[in-house]
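structure00.cif, holding mmCIF, C-alpha atoms:
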data_target
loop_
_atom_site.label_atom_id
_atom_site.label_comp_id
_atom_site.auth_asym_id
_atom_site.auth_seq_id
_atom_site.Cartn_x
_atom_site.Cartn_y
_atom_site.Cartn_z
CA MET A 1 0.00 0.00 0.00
CA LEU A 2 1.12 3.54 -0.79
CA THR A 3 0.56 6.32 1.76
CA LEU A 4 0.58 9.96 0.67
CA GLU A 5 2.36 12.25 3.11
CA LYS A 6 1.31 15.55 1.51
CA CYS A 7 -1.89 16.99 0.09
CA LEU A 8 -1.75 17.39 -3.70
CA VAL A 9 -3.57 20.72 -3.55
CA CYS A 10 -1.90 22.65 -0.73
CA GLY A 11 1.07 20.53 0.35
CA SER A 12 -0.10 20.10 3.94
CA GLY A 13 0.63 16.83 5.73
CA ASN A 14 -2.16 17.16 8.26
CA PHE A 15 -5.11 14.87 7.47
CA GLU A 16 -8.19 13.61 9.27
CA PRO A 17 -10.53 10.68 8.56
CA PHE A 18 -13.46 11.39 6.24
CA LEU A 19 -15.06 8.08 5.24
CA VAL A 20 -14.36 4.37 5.06
CA CYS A 21 -15.73 2.93 1.81
CA GLU A 22 -15.86 -0.57 0.38
CA ASP A 23 -14.74 -1.64 -3.08
CA TYR A 24 -18.03 -3.15 -4.26
CA THR A 25 -16.78 -3.77 -7.80
CA VAL A 26 -13.77 -6.05 -7.44
CA SER A 27 -12.18 -6.82 -4.09
CA GLN A 28 -14.75 -6.02 -1.37
CA GLU A 29 -11.86 -4.51 0.58
CA SER A 30 -12.33 -1.33 2.62
CA PHE A 31 -10.35 1.85 1.97
CA ASN A 32 -9.96 5.10 3.88
CA ILE A 33 -10.76 8.49 2.41
CA VAL A 34 -9.06 11.30 4.30
CA SER A 35 -9.54 15.06 4.31
CA CYS A 36 -6.78 17.63 4.35
CA LYS A 37 -7.23 19.80 7.45
CA ALA A 38 -5.72 22.81 5.68
CA CYS A 39 -7.74 22.92 2.44
CA GLY A 40 -10.38 20.18 2.70
CA PHE A 41 -9.21 18.14 -0.30
CA LYS A 42 -10.37 14.51 -0.08
CA PHE A 43 -8.33 11.54 -1.31
CA THR A 44 -8.01 7.80 -0.87
CA ASN A 45 -5.14 7.18 1.53
CA PRO A 46 -3.44 4.76 1.75
CA ARG A 47 -4.08 3.22 -1.67
CA PRO A 48 -2.68 0.29 -3.67
CA ASP A 49 0.65 1.13 -5.30
CA ASN A 50 0.95 1.25 -9.06
CA SER A 51 2.23 -2.31 -9.33
CA VAL A 52 -1.09 -3.76 -8.17
CA LEU A 53 -3.60 -0.98 -8.82
CA GLY A 54 -4.46 -2.41 -12.24
CA ASN A 55 -5.87 -5.53 -10.56
CA TYR A 56 -8.72 -3.41 -9.16
CA TYR A 57 -9.95 -2.66 -12.70
CA LYS A 58 -10.37 -6.30 -13.67
CA ALA A 59 -14.15 -6.64 -13.62
CA GLU A 60 -16.63 -6.89 -16.47
CA SER A 61 -19.02 -4.71 -14.50
CA TYR A 62 -16.52 -1.84 -14.57
CA VAL A 63 -18.29 -0.12 -17.46
CA SER A 64 -15.61 2.51 -18.06
CA HIS A 65 -13.45 -0.22 -19.58
CA THR A 66 -15.97 -2.49 -21.26
CA ASN A 67 -18.76 -2.47 -23.83
CA SER A 68 -20.75 -5.08 -21.95
CA LYS A 69 -24.52 -4.60 -22.00
CA LYS A 70 -25.27 -7.38 -19.54
CA GLY A 71 -27.65 -6.32 -16.79
CA ILE A 72 -30.13 -3.48 -16.59
CA VAL A 73 -27.62 -0.97 -15.20
CA ASN A 74 -25.19 -1.41 -18.09
CA LYS A 75 -28.04 -1.33 -20.63
CA LEU A 76 -29.28 1.98 -19.26
CA TYR A 77 -25.73 3.29 -19.14
CA HIS A 78 -25.10 2.52 -22.79
CA GLY A 79 -28.47 3.90 -23.86
CA VAL A 80 -27.81 7.24 -22.25
CA ARG A 81 -24.24 7.26 -23.57
CA ASN A 82 -25.37 7.54 -27.19
CA TYR A 83 -27.08 10.82 -26.33
CA THR A 84 -24.31 12.19 -24.12
CA LEU A 85 -21.64 11.53 -26.75
CA LYS A 86 -23.37 14.02 -29.04
CA THR A 87 -23.64 16.63 -26.30
CA LYS A 88 -19.97 16.22 -25.40
CA VAL A 89 -18.89 16.84 -28.99
CA GLN A 90 -21.15 19.88 -29.14
CA LEU A 91 -19.68 21.17 -25.89
CA VAL A 92 -16.09 20.93 -27.10
CA SER A 93 -17.00 22.52 -30.43
CA SER A 94 -18.66 25.43 -28.63
CA TYR A 95 -15.27 26.45 -27.18
CA VAL A 96 -12.86 25.52 -29.99
CA SER A 97 -13.32 25.22 -33.73
CA LEU A 98 -12.26 21.98 -35.39
CA GLY A 99 -8.65 20.97 -34.88
CA THR A 100 -6.62 18.45 -32.91
CA LEU A 101 -8.11 16.73 -29.87
CA LEU A 102 -6.61 14.42 -27.25
CA ASP A 103 -9.01 12.33 -25.18
CA TYR A 104 -7.00 11.35 -22.12
CA GLY A 105 -8.24 8.03 -20.76
CA CYS A 106 -10.29 7.39 -23.87
CA GLY A 107 -11.43 3.86 -22.97
CA THR A 108 -12.75 2.01 -26.01
CA GLY A 109 -12.78 5.21 -28.06
CA MET A 110 -16.51 5.99 -28.29
CA PHE A 111 -15.98 9.72 -27.78
CA LEU A 112 -13.06 9.79 -30.22
CA ASN A 113 -15.25 8.09 -32.83
CA ALA A 114 -17.93 10.73 -32.38
CA CYS A 115 -15.34 13.50 -32.70
CA ASN A 116 -13.90 11.90 -35.82
CA LYS A 117 -17.31 11.93 -37.46
CA SER A 118 -17.58 15.65 -36.67
CA GLY A 119 -14.28 16.42 -38.40
CA TRP A 120 -11.79 16.52 -35.52
CA GLU A 121 -8.27 15.13 -35.85
CA THR A 122 -8.28 12.83 -32.86
CA TYR A 123 -5.80 11.08 -30.60
CA GLY A 124 -6.32 9.08 -27.45
CA MET A 125 -4.38 7.88 -24.41
CA GLU A 126 -5.59 4.71 -22.71
CA PRO A 127 -3.48 2.51 -20.38
CA ASP A 128 -5.88 -0.44 -20.35
CA ASP A 129 -4.73 -2.98 -22.96
CA SER A 130 -8.13 -4.45 -23.82
CA ALA A 131 -9.84 -1.06 -24.10
CA ARG A 132 -6.99 0.32 -26.21
CA LYS A 133 -7.16 -2.69 -28.52
CA MET A 134 -10.88 -2.14 -29.09
CA ALA A 135 -10.24 1.53 -29.88
CA SER A 136 -7.44 0.66 -32.30
CA GLU A 137 -9.70 -1.83 -34.10
CA HIS A 138 -11.87 1.15 -35.04
CA GLY A 139 -8.90 2.84 -36.69
CA LEU A 140 -8.29 5.32 -33.87
CA ASN A 141 -4.89 6.70 -32.91
CA VAL A 142 -4.57 5.57 -29.30
CA PHE A 143 -1.39 5.44 -27.20
CA SER A 144 -0.71 3.62 -23.94
CA ASP A 145 0.83 6.48 -21.96
CA LYS A 146 1.99 10.10 -21.99
CA ALA A 147 5.50 9.18 -23.08
CA LYS A 148 4.24 7.55 -26.29
CA VAL A 149 2.05 10.57 -27.02
CA GLN A 150 5.12 12.78 -26.63
CA THR A 151 7.23 10.47 -28.82
CA TYR A 152 4.81 10.15 -31.73
CA ILE A 153 3.18 13.59 -31.61
CA THR A 154 6.10 15.97 -31.31
CA ASP A 155 5.19 18.48 -34.00
CA LYS A 156 1.81 19.68 -32.77
CA LYS A 157 -0.17 20.80 -29.79
CA PHE A 158 -3.81 20.11 -29.13
CA ASN A 159 -6.71 22.50 -29.55
CA ALA A 160 -8.65 20.49 -26.98
CA ILE A 161 -7.77 17.96 -24.27
CA THR A 162 -10.64 16.11 -22.64
CA LEU A 163 -10.90 13.87 -19.58
CA TRP A 164 -14.30 12.26 -19.02
CA HIS A 165 -14.21 10.84 -15.49
CA VAL A 166 -10.49 10.23 -15.65
CA LEU A 167 -8.71 12.79 -13.45
CA GLU A 168 -9.91 11.03 -10.29
CA HIS A 169 -7.92 7.95 -11.42
CA VAL A 170 -4.60 9.68 -12.17
CA THR A 171 -1.66 8.36 -10.13
CA ASP A 172 0.93 10.95 -11.21
CA MET A 173 -1.09 14.13 -10.95
CA GLU A 174 1.72 16.71 -11.04
CA GLU A 175 3.35 15.15 -14.11
CA THR A 176 0.01 14.75 -15.88
CA LEU A 177 -1.04 18.36 -15.38
CA ALA A 178 2.39 19.52 -16.55
CA PHE A 179 1.91 17.37 -19.67
CA PHE A 180 -1.44 19.08 -20.35
CA LYS A 181 0.17 22.46 -19.87
CA SER A 182 2.88 21.67 -22.42
CA LYS A 183 0.65 20.02 -25.03
CA LEU A 184 -2.34 22.40 -25.03
CA ASN A 185 -2.36 25.26 -27.53
CA PRO A 186 -2.18 28.74 -25.96
CA ASP A 187 -5.83 29.30 -26.91
CA GLY A 188 -6.85 25.67 -26.37
CA VAL A 189 -9.35 24.26 -23.89
CA LEU A 190 -8.94 21.62 -21.20
CA ILE A 191 -12.25 19.95 -20.33
CA ILE A 192 -12.43 17.78 -17.20
CA ALA A 193 -15.47 15.90 -15.90
CA VAL A 194 -15.36 14.45 -12.38
CA PRO A 195 -17.82 13.31 -9.68
CA ASN A 196 -18.83 15.87 -7.07
CA TYR A 197 -18.87 14.59 -3.48
CA VAL A 198 -20.89 17.57 -2.18
CA SER A 199 -23.88 16.71 -4.39
CA TYR A 200 -27.18 15.65 -2.83
CA ASP A 201 -26.84 12.01 -3.92
CA ALA A 202 -23.35 11.84 -2.40
CA GLN A 203 -24.65 13.25 0.88
CA TYR A 204 -27.61 10.87 0.81
CA TYR A 205 -25.67 7.66 0.17
CA LYS A 206 -22.53 8.59 2.15
CA GLU A 207 -20.09 5.66 2.20
CA PHE A 208 -22.30 3.77 -0.27
CA TRP A 209 -22.03 6.52 -2.90
CA ALA A 210 -20.85 4.69 -6.01
CA ALA A 211 -18.75 7.59 -7.31
CA TYR A 212 -16.28 7.21 -4.46
CA ASP A 213 -15.34 3.98 -6.29
CA VAL A 214 -12.35 3.18 -4.10
CA PRO A 215 -9.56 2.40 -4.73
CA ARG A 216 -9.84 3.24 -8.44
CA HIS A 217 -10.83 6.80 -7.59
CA LEU A 218 -7.79 8.20 -5.85
CA HIS A 219 -9.01 11.82 -5.64
CA HIS A 220 -12.45 13.17 -4.72
CA PHE A 221 -13.34 16.62 -6.02
CA GLU A 222 -15.66 19.56 -5.67
CA GLU A 223 -15.27 22.94 -7.36
CA LYS A 224 -12.94 24.57 -4.84
CA SER A 225 -10.41 21.73 -4.79
CA ILE A 226 -10.21 21.10 -8.54
CA LYS A 227 -10.01 24.83 -9.23
CA SER A 228 -7.09 25.20 -6.79
CA LEU A 229 -5.33 22.11 -8.13
CA LEU A 230 -5.50 23.29 -11.74
CA GLU A 231 -4.56 26.88 -10.87
CA ASN A 232 -1.38 25.53 -9.25
CA SER A 233 -0.51 24.06 -12.66
CA GLY A 234 -1.18 27.20 -14.68
CA PHE A 235 -4.84 26.86 -15.66
CA LYS A 236 -7.80 29.13 -15.03
CA LEU A 237 -11.38 27.94 -14.62
CA GLN A 238 -13.66 29.43 -17.29
CA GLU A 239 -17.00 27.76 -16.71
CA THR A 240 -18.76 24.72 -15.26
CA LYS A 241 -21.47 22.52 -16.77
CA PRO A 242 -23.67 19.87 -15.12
CA MET A 243 -23.83 16.19 -16.06
CA LYS A 244 -27.44 15.61 -15.10
CA PHE A 245 -27.70 11.97 -16.17
CA ASP A 246 -24.94 10.98 -13.77
CA SER A 247 -27.11 11.43 -10.69
CA PHE A 248 -29.47 8.69 -11.90
CA TYR A 249 -26.75 6.24 -12.91
CA VAL A 250 -24.73 6.80 -9.72
CA SER A 251 -27.87 6.51 -7.60
CA MET A 252 -28.72 3.16 -9.23
CA LEU A 253 -25.32 1.76 -8.31
CA SER A 254 -25.39 3.36 -4.86
CA GLU A 255 -28.80 1.90 -4.11
CA LYS A 256 -27.48 -1.54 -5.01
CA TYR A 257 -24.44 -1.10 -2.78
CA LYS A 258 -26.57 0.13 0.11
CA THR A 259 -29.45 -2.36 -0.06
CA GLY A 260 -28.14 -5.25 -2.13
CA SER A 261 -30.69 -4.78 -4.93
CA VAL A 262 -31.32 -2.36 -7.79
CA ASN A 263 -34.32 -0.27 -6.79
CA LEU A 264 -34.83 1.77 -9.94
CA ILE A 265 -37.75 3.78 -8.62
CA LYS A 266 -35.92 4.81 -5.45
CA ALA A 267 -32.75 5.57 -7.39
CA PHE A 268 -34.69 7.66 -9.91
CA PHE A 269 -36.19 9.86 -7.21
CA VAL A 270 -32.85 10.31 -5.40
CA GLY A 271 -31.24 11.27 -8.72
CA LEU A 272 -34.10 13.64 -9.52
CA LYS A 273 -33.90 15.28 -6.10
CA SER A 274 -30.14 15.67 -6.55
CA ASN A 275 -30.62 17.53 -9.83
CA LEU A 276 -33.40 19.70 -8.42
CA SER A 277 -31.30 20.54 -5.38
CA ALA A 278 -28.36 21.47 -7.62
CA LYS A 279 -30.44 24.17 -9.33
CA ASN A 280 -29.81 26.25 -6.21
CA THR A 281 -26.38 24.98 -5.19
CA SER A 282 -24.83 24.05 -8.59
CA SER A 283 -23.62 20.88 -6.85
CA TYR A 284 -24.56 18.28 -9.45
CA SER A 285 -23.56 14.63 -9.08
CA SER A 286 -20.87 15.19 -11.71
CA THR A 287 -19.55 18.44 -13.08
CA ILE A 288 -17.69 19.41 -16.24
CA TYR A 289 -14.98 22.01 -15.68
CA ILE A 290 -13.68 24.07 -18.59
CA PHE A 291 -10.12 25.36 -18.14
CA LYS A 292 -7.80 27.46 -20.27
CA HIS A 293 -4.23 28.64 -19.85
CA LYS A 294 -3.83 31.50 -17.37
#
Would it be possible to restate this file's structure as structure tokens?
Amino acid sequence: MLTLEKCLVCGSGNFEPFLVCEDYTVSQESFNIVSCKACGFKFTNPRPDNSVLGNYYKAESYVSHTNSKKGIVNKLYHGVRNYTLKTKVQLVSSYVSLGTLLDYGCGTGMFLNACNKSGWETYGMEPDDSARKMASEHGLNVFSDKAKVQTYITDKKFNAITLWHVLEHVTDMEETLAFFKSKLNPDGVLIIAVPNYVSYDAQYYKEFWAAYDVPRHLHHFEEKSIKSLLENSGFKLQETKPMKFDSFYVSMLSEKYKTGSVNLIKAFFVGLKSNLSAKNTSSYSSTIYIFKHK
């Protein structure tokens, strides 16, 4: 196990317990989430080191790395995804005209495919071998890590870099943000979507909230912490956008973790209440953050 001694956001080494959550997807082990006393940033600590962390992704039910449609939850997930892919492409295009795009943590390449069809020159980074293979089979340019992106794409910078529920997984945060800084055009846009632990559904389900997803999710964000983290690396927050479908999907999983069964009606109303509550607080279950260079 790897124990962090300093907060990634403010550098403090003074932490306090926040929650103990179970890995419901793979191992059924329990993991601690701590809170920095200085700035409030939440992170999983200790966590598996990099040599074994990949073992916690080996589950067919982990939909970020599979195209499985087995089970009602995955079927609903994939149905909604077809709609959200279009809205994501529209979102990126609203900030930057067509050009080069890097989808960091691109999975099986669904978003890259949608961008390709809209005229973008696309590249992806995906460490998971099986997901990367599926993306490559669709003719997509996908690399296994940052170093390979740097090696093969040396003559250009990106007009857009996107991370759709990826930043919370990053093990080398400082190096990754420095990579984005160096590879993003001066007028480019960095778009990051992450879960929001101050949302209503997170408060309702507490340690059963599926978006804690320990130990795969190493970092747990809300607007203040992600804004500070990115500002430390030379980015400025431009705008935020809600991901309203996430509250329903996350509530479905959370309800299963809490009760042992998928109660779609209950999950629907918790997700709906979360979105309605966020109209006043802007604390949606997941949020998209749009950054540019300072």
**Message:** Show me, as a list in words, the residues that have an atom within 9 Å of Cys39 (chain A) when counting all atoms listed in the file, minus same-chain residues fewer than 5 positions from it.
**Reply:**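 Surrounding residues, per the criterion: Cys7, Val9, Cys10, Ser12 and Ser225 of chain A.
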**Message:** I need the residue nearest Asp145 (chain A) from this list: A:Tyr104, A:Ile192, A:Asn159, A:His169. Use only C-alpha atoms for the distance.
**Reply:** A:Tyr104
So that each row is one residue of region 106-194 of chain A with an atom at most 12 Å from region 203-220 of chain A, can you give its shortest atom pair and the distance in Å to one decimal, using only C-alpha atoms, rows by chain and rising number, as CSV?
residue,atom,partner,partner_atom,distance
A:His165,CA,A:His217,CA,9.5
A:Val166,CA,A:His217,CA,8.8
A:Leu167,CA,A:His219,CA,7.9
A:Glu168,CA,A:His219,CA,4.8
A:His169,CA,A:His217,CA,4.9
A:Val170,CA,A:Leu218,CA,7.2
A:Thr171,CA,A:Leu218,CA,7.5
A:Asp172,CA,A:Leu218,CA,10.6
A:Met173,CA,A:His219,CA,9.8
A:Ala193,CA,A:His220,CA,11.9
A:Val194,CA,A:His220,CA,8.3
**Message:** Suppose a student applies the PyMOL selection byres ((chain A and resi 119-132) around 6) to this structure; what residues should they get, written as a list in words?
**Reply:** His65, Leu98, Gly99, Thr100, Leu101, Leu102, Asp103, Tyr104, Gly105, Cys106, Gly107, Thr108, Cys115, Asn116, Lys117, Ser118, Lys133, Met134, Ala135, Asn141, Val142, Phe143, Ser144 and Asp145 of chain A
**Message:** I need the residue nearest Gly234 (chain A) from this list: A:Gly271, A:Gly260, A:Pro186, A:Pro195. Use all atoms listed in the file for the distance.
**Reply:** A:Pro186
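Using all atoms listed in the file, the nearest neighbour of Ile226 (chain A) within the list A:Tyr95, A:Tyr249, A:Phe41, A:Phe269 is A:Phe41.
Shortest separation to Ser199 (chain A) among A:Asn185, A:Asn280, A:Asn32, A:Thr176 occurs at residue A:Asn280, atoms counted being all atoms listed in the file.
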**Computed interatomic separation between CA of Leu184 (chain A) and CA of Lys157 (chain A) (Å)** = 5.5 Å
**Request:** Could you expand the PyMOL selection byres ((chain A and resi 235) around 7) into the explicit residues it covers here, written as a ChimeraX atom specification?
**Result:** /A:230-231,233-234,236-237,291-294
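In this structure, CA of Ser283 (chain A) sits 16.3 Å away from CA of Gly40 (chain A).
With all atoms listed in the file as the basis for measurement, A:Asn82 is the residue among A:Ser93, A:Gln150, A:Thr287, A:Asn82 that approaches Asn113 (chain A) most closely.
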**Distance in Å - CA of Ala160 (chain A) versus CA of Val89 (chain A)** = 11.1 Å
